[in-house]
>>> print(open('target_7.cif').read())   # mmCIF, C-alpha atoms, pLDDT in the B column; chains and numbers go by the auth columns
data_coords
loop_
_atom_site.group_PDB
_atom_site.id
_atom_site.type_symbol
_atom_site.label_atom_id
_atom_site.label_comp_id
_atom_site.label_asym_id
_atom_site.label_seq_id
_atom_site.Cartn_x
_atom_site.Cartn_y
_atom_site.Cartn_z
_atom_site.B_iso_or_equiv
_atom_site.auth_seq_id
_atom_site.auth_asym_id
ATOM 1 C CA MET A 1 15.422 132.239 -65.885 42.00 109 Q
ATOM 2 C CA ASN A 2 11.756 131.517 -65.140 47.00 110 Q
ATOM 3 C CA ARG A 3 12.001 128.182 -66.970 47.00 111 Q
ATOM 4 C CA VAL A 4 14.966 127.119 -64.841 42.00 112 Q
ATOM 5 C CA ALA A 5 13.078 128.013 -61.642 43.00 113 Q
ATOM 6 C CA CYS A 6 9.961 126.125 -62.792 42.00 114 Q
ATOM 7 C CA ILE A 7 12.005 123.038 -63.683 47.00 115 Q
ATOM 8 C CA ALA A 8 13.788 123.166 -60.319 45.00 116 Q
ATOM 9 C CA VAL A 9 10.515 123.429 -58.373 42.00 117 Q
ATOM 10 C CA LEU A 10 8.934 120.613 -60.402 43.00 118 Q
ATOM 11 C CA SER A 11 11.991 118.395 -59.898 46.00 119 Q
ATOM 12 C CA ALA A 12 11.977 119.047 -56.154 47.00 120 Q
ATOM 13 C CA ALA A 13 8.280 118.166 -55.912 45.00 121 Q
ATOM 14 C CA LEU A 14 8.751 114.925 -57.834 44.00 122 Q
ATOM 15 C CA LEU A 15 11.866 113.800 -55.999 45.00 123 Q
ATOM 16 C CA ALA A 16 10.990 114.965 -52.474 46.00 124 Q
ATOM 17 C CA PRO A 17 10.412 112.179 -49.943 45.00 125 Q
ATOM 18 C CA ARG A 18 6.852 111.719 -48.752 42.00 126 Q
ATOM 19 C CA ALA A 19 5.926 112.741 -45.205 41.00 127 Q
ATOM 20 C CA ALA A 20 5.751 109.867 -42.695 39.00 128 Q
ATOM 21 C CA SER A 21 2.047 110.471 -42.071 38.00 129 Q
ATOM 22 C CA ALA A 22 1.303 110.308 -45.795 44.00 130 Q
ATOM 23 C CA GLN A 23 2.933 106.866 -46.020 47.00 131 Q
ATOM 24 C CA ASP A 24 0.400 105.422 -43.583 43.00 132 Q
ATOM 25 C CA ALA A 25 -2.618 106.726 -45.502 43.00 133 Q
ATOM 26 C CA PRO A 26 -3.690 105.024 -48.750 48.00 134 Q
ATOM 27 C CA GLU A 27 -2.672 107.002 -51.807 56.00 135 Q
ATOM 28 C CA ARG A 28 -5.567 108.365 -53.880 63.00 136 Q
ATOM 29 C CA SER A 29 -3.888 109.893 -56.887 77.00 137 Q
ATOM 30 C CA THR A 30 -4.967 111.113 -60.284 81.00 138 Q
ATOM 31 C CA ALA A 31 -2.597 110.504 -63.192 80.00 139 Q
ATOM 32 C CA LEU A 32 -2.231 111.388 -66.853 83.00 140 Q
ATOM 33 C CA SER A 33 -1.276 108.797 -69.453 85.00 141 Q
ATOM 34 C CA LEU A 34 0.232 109.514 -72.852 83.00 142 Q
ATOM 35 C CA ARG A 35 0.512 107.165 -75.811 81.00 143 Q
ATOM 36 C CA PRO A 36 2.527 108.925 -78.539 76.00 144 Q
ATOM 37 C CA PHE A 37 2.827 105.931 -80.897 77.00 145 Q
ATOM 38 C CA GLY A 38 0.090 104.844 -83.291 79.00 146 Q
ATOM 39 C CA GLN A 39 -2.913 107.048 -82.668 84.00 147 Q
ATOM 40 C CA PRO A 40 -1.859 109.804 -80.219 88.00 148 Q
ATOM 41 C CA THR A 41 -3.845 109.245 -77.004 92.00 149 Q
ATOM 42 C CA ILE A 42 -4.153 111.015 -73.666 93.00 150 Q
ATOM 43 C CA GLY A 43 -5.871 109.610 -70.611 93.00 151 Q
ATOM 44 C CA VAL A 44 -6.859 110.473 -67.056 94.00 152 Q
ATOM 45 C CA TRP A 45 -6.627 107.761 -64.392 92.00 153 Q
ATOM 46 C CA HIS A 46 -7.818 107.870 -60.791 94.00 154 Q
ATOM 47 C CA MET A 47 -6.701 105.458 -58.078 91.00 155 Q
ATOM 48 C CA VAL A 48 -9.882 104.373 -56.256 93.00 156 Q
ATOM 49 C CA SER A 49 -8.052 102.056 -53.831 91.00 157 Q
ATOM 50 C CA PRO A 50 -4.443 100.840 -53.502 89.00 158 Q
ATOM 51 C CA ARG A 51 -5.230 98.010 -55.954 92.00 159 Q
ATOM 52 C CA LEU A 52 -7.869 99.571 -58.303 94.00 160 Q
ATOM 53 C CA GLU A 53 -7.453 102.364 -60.837 94.00 161 Q
ATOM 54 C CA VAL A 54 -10.152 103.608 -63.251 96.00 162 Q
ATOM 55 C CA GLY A 55 -9.604 105.848 -66.231 95.00 163 Q
ATOM 56 C CA ILE A 56 -10.637 107.089 -69.616 96.00 164 Q
ATOM 57 C CA GLU A 57 -8.447 107.670 -72.663 95.00 165 Q
ATOM 58 C CA ALA A 58 -9.205 109.706 -75.783 96.00 166 Q
ATOM 59 C CA GLY A 59 -7.310 109.747 -79.060 94.00 167 Q
ATOM 60 C CA ALA A 60 -7.524 111.508 -82.390 93.00 168 Q
ATOM 61 C CA THR A 61 -5.772 111.495 -85.734 91.00 169 Q
ATOM 62 C CA ILE A 62 -6.440 114.152 -88.355 90.00 170 Q
ATOM 63 C CA GLY A 63 -4.403 114.312 -91.524 88.00 171 Q
ATOM 64 C CA SER A 64 -4.378 115.063 -95.223 83.00 172 Q
ATOM 65 C CA GLY A 65 -2.151 114.392 -98.178 78.00 173 Q
ATOM 66 C CA THR A 66 -2.078 113.222 -101.773 75.00 174 Q
ATOM 67 C CA ASP A 67 -1.861 109.714 -103.181 69.00 175 Q
ATOM 68 C CA GLN A 68 0.303 108.531 -106.102 71.00 176 Q
ATOM 69 C CA ASP A 69 -2.279 109.820 -108.612 68.00 177 Q
ATOM 70 C CA GLU A 70 -2.208 113.254 -106.934 71.00 178 Q
ATOM 71 C CA ASN A 71 -5.737 112.864 -105.500 72.00 179 Q
ATOM 72 C CA GLU A 72 -6.212 114.697 -102.219 78.00 180 Q
ATOM 73 C CA GLN A 73 -6.997 112.491 -99.202 83.00 181 Q
ATOM 74 C CA ASN A 74 -8.305 113.487 -95.769 88.00 182 Q
ATOM 75 C CA LEU A 75 -8.471 111.245 -92.707 88.00 183 Q
ATOM 76 C CA MET A 76 -10.167 111.750 -89.338 93.00 184 Q
ATOM 77 C CA SER A 77 -10.172 109.136 -86.593 94.00 185 Q
ATOM 78 C CA PHE A 78 -11.414 109.425 -82.987 95.00 186 Q
ATOM 79 C CA THR A 79 -11.327 106.913 -80.123 95.00 187 Q
ATOM 80 C CA LEU A 80 -12.790 106.994 -76.601 97.00 188 Q
ATOM 81 C CA ALA A 81 -11.845 104.175 -74.201 96.00 189 Q
ATOM 82 C CA PRO A 82 -12.779 103.776 -70.516 97.00 190 Q
ATOM 83 C CA GLY A 83 -10.871 101.110 -68.570 96.00 191 Q
ATOM 84 C CA VAL A 84 -9.847 99.635 -65.222 97.00 192 Q
ATOM 85 C CA LYS A 85 -6.546 98.334 -63.854 95.00 193 Q
ATOM 86 C CA LEU A 86 -6.511 95.785 -61.031 96.00 194 Q
ATOM 87 C CA PHE A 87 -3.062 95.666 -59.420 95.00 195 Q
ATOM 88 C CA GLY A 88 -1.677 92.453 -57.978 92.00 196 Q
ATOM 89 C CA ALA A 89 0.191 94.350 -55.234 79.00 197 Q
ATOM 90 C CA GLY A 90 -1.057 97.350 -53.275 73.00 198 Q
ATOM 91 C CA GLN A 91 2.375 98.949 -52.998 81.00 199 Q
ATOM 92 C CA GLY A 92 5.906 98.588 -54.289 84.00 200 Q
ATOM 93 C CA ASP A 93 8.167 99.826 -57.047 89.00 201 Q
ATOM 94 C CA LEU A 94 7.199 97.070 -59.512 93.00 202 Q
ATOM 95 C CA ARG A 95 3.471 96.287 -59.722 93.00 203 Q
ATOM 96 C CA PRO A 96 1.807 93.830 -62.150 95.00 204 Q
ATOM 97 C CA TYR A 97 -1.821 94.463 -63.129 95.00 205 Q
ATOM 98 C CA GLY A 98 -4.728 93.120 -65.138 97.00 206 Q
ATOM 99 C CA PHE A 99 -6.408 95.508 -67.565 95.00 207 Q
ATOM 100 C CA ALA A 100 -9.956 95.562 -68.971 97.00 208 Q
ATOM 101 C CA GLY A 101 -11.760 98.212 -70.966 97.00 209 Q
ATOM 102 C CA ALA A 102 -14.153 99.141 -73.705 98.00 210 Q
ATOM 103 C CA PHE A 103 -13.733 101.465 -76.675 97.00 211 Q
ATOM 104 C CA LEU A 104 -15.739 103.426 -79.211 97.00 212 Q
ATOM 105 C CA ALA A 105 -13.999 104.397 -82.450 96.00 213 Q
ATOM 106 C CA SER A 106 -15.042 106.469 -85.457 96.00 214 Q
ATOM 107 C CA HIS A 107 -13.113 106.756 -88.740 93.00 215 Q
ATOM 108 C CA ARG A 108 -13.789 108.912 -91.782 93.00 216 Q
ATOM 109 C CA SER A 109 -11.750 109.062 -94.967 89.00 217 Q
ATOM 110 C CA GLU A 110 -12.268 111.288 -98.011 86.00 218 Q
ATOM 111 C CA ALA A 111 -10.346 110.264 -101.109 76.00 219 Q
ATOM 112 C CA GLY A 112 -10.952 112.799 -103.873 69.00 220 Q
ATOM 113 C CA GLU A 113 -12.943 111.209 -106.695 70.00 221 Q
ATOM 114 C CA PHE A 114 -13.643 108.042 -104.663 71.00 222 Q
ATOM 115 C CA GLY A 115 -15.872 109.871 -102.182 81.00 223 Q
ATOM 116 C CA GLU A 116 -16.185 109.478 -98.438 87.00 224 Q
ATOM 117 C CA ILE A 117 -15.865 106.274 -96.429 88.00 225 Q
ATOM 118 C CA SER A 118 -17.037 106.215 -92.793 91.00 226 Q
ATOM 119 C CA SER A 119 -16.870 103.427 -90.251 93.00 227 Q
ATOM 120 C CA GLY A 120 -17.196 102.924 -86.534 95.00 228 Q
ATOM 121 C CA ALA A 121 -16.473 100.235 -83.987 96.00 229 Q
ATOM 122 C CA LEU A 122 -17.519 99.270 -80.493 97.00 230 Q
ATOM 123 C CA GLY A 123 -15.357 96.783 -78.653 97.00 231 Q
ATOM 124 C CA ALA A 124 -13.552 95.524 -75.594 98.00 232 Q
ATOM 125 C CA THR A 125 -9.945 95.005 -74.531 96.00 233 Q
ATOM 126 C CA ALA A 126 -8.301 92.777 -71.918 98.00 234 Q
ATOM 127 C CA GLY A 127 -4.677 92.266 -71.006 96.00 235 Q
ATOM 128 C CA ILE A 128 -1.902 92.252 -68.453 97.00 236 Q
ATOM 129 C CA GLY A 129 0.688 94.883 -67.676 94.00 237 Q
ATOM 130 C CA LEU A 130 3.488 96.021 -65.439 94.00 238 Q
ATOM 131 C CA GLU A 131 4.068 99.395 -63.811 91.00 239 Q
ATOM 132 C CA TRP A 132 7.379 100.637 -62.404 91.00 240 Q
ATOM 133 C CA SER A 133 7.811 103.576 -60.041 88.00 241 Q
ATOM 134 C CA PRO A 134 11.451 104.777 -60.163 89.00 242 Q
ATOM 135 C CA VAL A 135 10.756 107.694 -57.764 87.00 243 Q
ATOM 136 C CA ALA A 136 7.759 108.888 -55.760 80.00 244 Q
ATOM 137 C CA ARG A 137 4.966 110.340 -57.945 81.00 245 Q
ATOM 138 C CA VAL A 138 6.369 108.949 -61.213 84.00 246 Q
ATOM 139 C CA ARG A 139 5.092 105.707 -62.763 85.00 247 Q
ATOM 140 C CA VAL A 140 6.060 104.131 -66.061 88.00 248 Q
ATOM 141 C CA GLY A 141 4.125 101.170 -67.382 88.00 249 Q
ATOM 142 C CA GLY A 142 2.568 99.376 -70.247 88.00 250 Q
ATOM 143 C CA HIS A 143 0.270 96.514 -71.062 89.00 251 Q
ATOM 144 C CA ALA A 144 -0.408 94.049 -73.843 93.00 252 Q
ATOM 145 C CA GLY A 145 -3.496 92.000 -74.566 95.00 253 Q
ATOM 146 C CA VAL A 146 -6.310 91.294 -76.966 96.00 254 Q
ATOM 147 C CA GLN A 147 -8.960 93.521 -78.516 94.00 255 Q
ATOM 148 C CA GLY A 148 -12.237 92.645 -80.189 96.00 256 Q
ATOM 149 C CA ALA A 149 -14.732 94.868 -82.004 93.00 257 Q
ATOM 150 C CA LEU A 150 -18.176 94.790 -83.606 88.00 258 Q
#
>>> encode(input="target_7.cif", output="structure tokens")
Amino acid sequence: MNRVACIAVLSAALLAPRAASAQDAPERSTALSLRPFGQPTIGVWHMVSPRLEVGIEAGATIGSGTDQDENEQNLMSFTLAPGVKLFGAGQGDLRPYGFAGAFLASHRSEAGEFGEISSGALGATAGIGLEWSPVARVRVGGHAGVQGAL
């Protein structure tokens, strides 16, 4: 029963209309981003102004297994990526944006008799994206672009 009550309260908070006074003030929100595909990543974004959002994302992959010759393999990969989004429109349900960021990545692989292989990268990303807000306090978006690394 507690789960049903929690879901009802959360749904009411997400779907409730904003107060008239809150619509006049610029929204300064903090948001979480999730990227479940590829390397799992979670991020925290803060809206600095109606058109500028800054954030940082962190991702990790840790796994192990065996190859076709039954050698044990271990993999660890970590990524840290700060970024900014510059929105073309200050408000609205559909908002295009430009994206720019940097990233630091570290990879380590152990492959049984072959030893350990480590690598790292420092790079930058740039792209364009689109964000859609179906209801107040919920935004869905994505971006595509280019990435370069040293």
>>> resolve_selection(input="target_7.cif", expression="the PyMOL selection byres ((chain Q and resi 239) around 12)", output="PyMOL selection string")
chain Q and resi 193-207+236-238+240-242+246-251
>>> atom_distance(input="target_7.cif", atom1="CA of Gly173 (chain Q)", atom2="CA of Arg143 (chain Q)")
23.7 Å
>>> closest_residue(input="target_7.cif", among="Q:Gln255, Q:Ser157, Q:Thr187, Q:Thr149", to="Ser137 (chain Q)", atoms="only C-alpha atoms")
Q:Ser157
>>> closest_residue(input="target_7.cif", among="Q:Val192, Q:Ala208, Q:Gly151, Q:Ser227", to="Val254 (chain Q)", atoms="only C-alpha atoms")
Q:Ala208
>>> closest_residue(input="target_7.cif", among="Q:Glu178, Q:Ala244, Q:Thr138, Q:Gly209", to="Glu221 (chain Q)", atoms="all atoms listed in the file")
Q:Glu178
>>> build_atoms(input="target_7.cif", residues="region 214-250 of chain Q", atoms="N, CA and C atoms", output="compact mmCIF listing (two decimals), keeping the file's coordinate frame")
# COMPACT_ATOMS: atom_id res chain seq x y z
N SER Q 214 -14.40 105.94 -84.26
CA SER Q 214 -15.04 106.47 -85.46
C SER Q 214 -13.95 106.87 -86.44
N HIS Q 215 -14.10 106.46 -87.69
CA HIS Q 215 -13.11 106.76 -88.74
C HIS Q 215 -13.83 107.33 -89.96
N ARG Q 216 -13.24 108.35 -90.56
CA ARG Q 216 -13.79 108.91 -91.78
C ARG Q 216 -12.65 109.25 -92.73
N SER Q 217 -12.78 108.83 -93.96
CA SER Q 217 -11.75 109.06 -94.97
C SER Q 217 -12.40 109.63 -96.22
N GLU Q 218 -11.83 110.70 -96.74
CA GLU Q 218 -12.27 111.29 -98.01
C GLU Q 218 -11.13 111.14 -99.00
N ALA Q 219 -11.41 110.53 -100.14
CA ALA Q 219 -10.35 110.26 -101.11
C ALA Q 219 -10.72 110.82 -102.47
N GLY Q 220 -10.74 112.13 -102.60
CA GLY Q 220 -10.95 112.80 -103.87
C GLY Q 220 -12.14 112.27 -104.65
N GLU Q 221 -11.88 111.70 -105.81
CA GLU Q 221 -12.94 111.21 -106.70
C GLU Q 221 -13.64 109.95 -106.17
N PHE Q 222 -13.05 109.27 -105.18
CA PHE Q 222 -13.64 108.04 -104.66
C PHE Q 222 -14.72 108.30 -103.61
N GLY Q 223 -14.84 109.53 -103.15
CA GLY Q 223 -15.87 109.87 -102.18
C GLY Q 223 -15.43 109.68 -100.75
N GLU Q 224 -16.43 109.57 -99.87
CA GLU Q 224 -16.18 109.48 -98.44
C GLU Q 224 -16.51 108.08 -97.92
N ILE Q 225 -15.65 107.58 -97.06
CA ILE Q 225 -15.86 106.27 -96.43
C ILE Q 225 -15.86 106.51 -94.92
N SER Q 226 -16.93 106.08 -94.24
CA SER Q 226 -17.04 106.22 -92.79
C SER Q 226 -17.24 104.85 -92.16
N SER Q 227 -16.66 104.67 -90.99
CA SER Q 227 -16.87 103.43 -90.25
C SER Q 227 -16.75 103.71 -88.76
N GLY Q 228 -17.27 102.80 -87.98
CA GLY Q 228 -17.20 102.92 -86.53
C GLY Q 228 -17.05 101.54 -85.92
N ALA Q 229 -16.64 101.51 -84.68
CA ALA Q 229 -16.47 100.24 -83.99
C ALA Q 229 -16.76 100.41 -82.51
N LEU Q 230 -17.30 99.36 -81.93
CA LEU Q 230 -17.52 99.27 -80.49
C LEU Q 230 -16.89 97.97 -80.06
N GLY Q 231 -16.05 98.01 -79.02
CA GLY Q 231 -15.36 96.78 -78.65
C GLY Q 231 -14.86 96.77 -77.23
N ALA Q 232 -14.10 95.72 -76.93
CA ALA Q 232 -13.55 95.52 -75.59
C ALA Q 232 -12.09 95.10 -75.69
N THR Q 233 -11.35 95.39 -74.63
CA THR Q 233 -9.94 95.00 -74.53
C THR Q 233 -9.70 94.32 -73.19
N ALA Q 234 -8.72 93.44 -73.16
CA ALA Q 234 -8.30 92.78 -71.92
C ALA Q 234 -6.82 92.46 -72.04
N GLY Q 235 -6.10 92.56 -70.95
CA GLY Q 235 -4.68 92.27 -71.01
C GLY Q 235 -4.03 92.29 -69.64
N ILE Q 236 -2.70 92.19 -69.66
CA ILE Q 236 -1.90 92.25 -68.45
C ILE Q 236 -0.81 93.29 -68.66
N GLY Q 237 -0.33 93.85 -67.56
CA GLY Q 237 0.69 94.88 -67.68
C GLY Q 237 1.58 94.94 -66.46
N LEU Q 238 2.53 95.84 -66.51
CA LEU Q 238 3.49 96.02 -65.44
C LEU Q 238 3.77 97.51 -65.31
N GLU Q 239 3.81 97.99 -64.07
CA GLU Q 239 4.07 99.40 -63.81
C GLU Q 239 5.27 99.51 -62.88
N TRP Q 240 6.17 100.43 -63.18
CA TRP Q 240 7.38 100.64 -62.40
C TRP Q 240 7.38 102.07 -61.90
N SER Q 241 7.74 102.25 -60.65
CA SER Q 241 7.81 103.58 -60.04
C SER Q 241 9.25 103.85 -59.62
N PRO Q 242 10.04 104.53 -60.49
CA PRO Q 242 11.45 104.78 -60.16
C PRO Q 242 11.63 105.75 -59.01
N VAL Q 243 10.74 106.73 -58.87
CA VAL Q 243 10.76 107.69 -57.76
C VAL Q 243 9.30 107.96 -57.37
N ALA Q 244 9.11 108.56 -56.21
CA ALA Q 244 7.76 108.89 -55.76
C ALA Q 244 7.08 109.79 -56.79
N ARG Q 245 5.82 109.54 -57.05
CA ARG Q 245 4.97 110.34 -57.94
C ARG Q 245 5.26 110.16 -59.43
N VAL Q 246 6.11 109.22 -59.79
CA VAL Q 246 6.37 108.95 -61.21
C VAL Q 246 6.17 107.46 -61.44
N ARG Q 247 5.33 107.11 -62.43
CA ARG Q 247 5.09 105.71 -62.76
C ARG Q 247 5.23 105.54 -64.27
N VAL Q 248 5.89 104.47 -64.65
CA VAL Q 248 6.06 104.13 -66.06
C VAL Q 248 5.54 102.72 -66.23
N GLY Q 249 4.68 102.51 -67.22
CA GLY Q 249 4.12 101.17 -67.38
C GLY Q 249 3.60 100.95 -68.77
N GLY Q 250 3.15 99.74 -68.97
CA GLY Q 250 2.57 99.38 -70.25
C GLY Q 250 1.86 98.05 -70.12
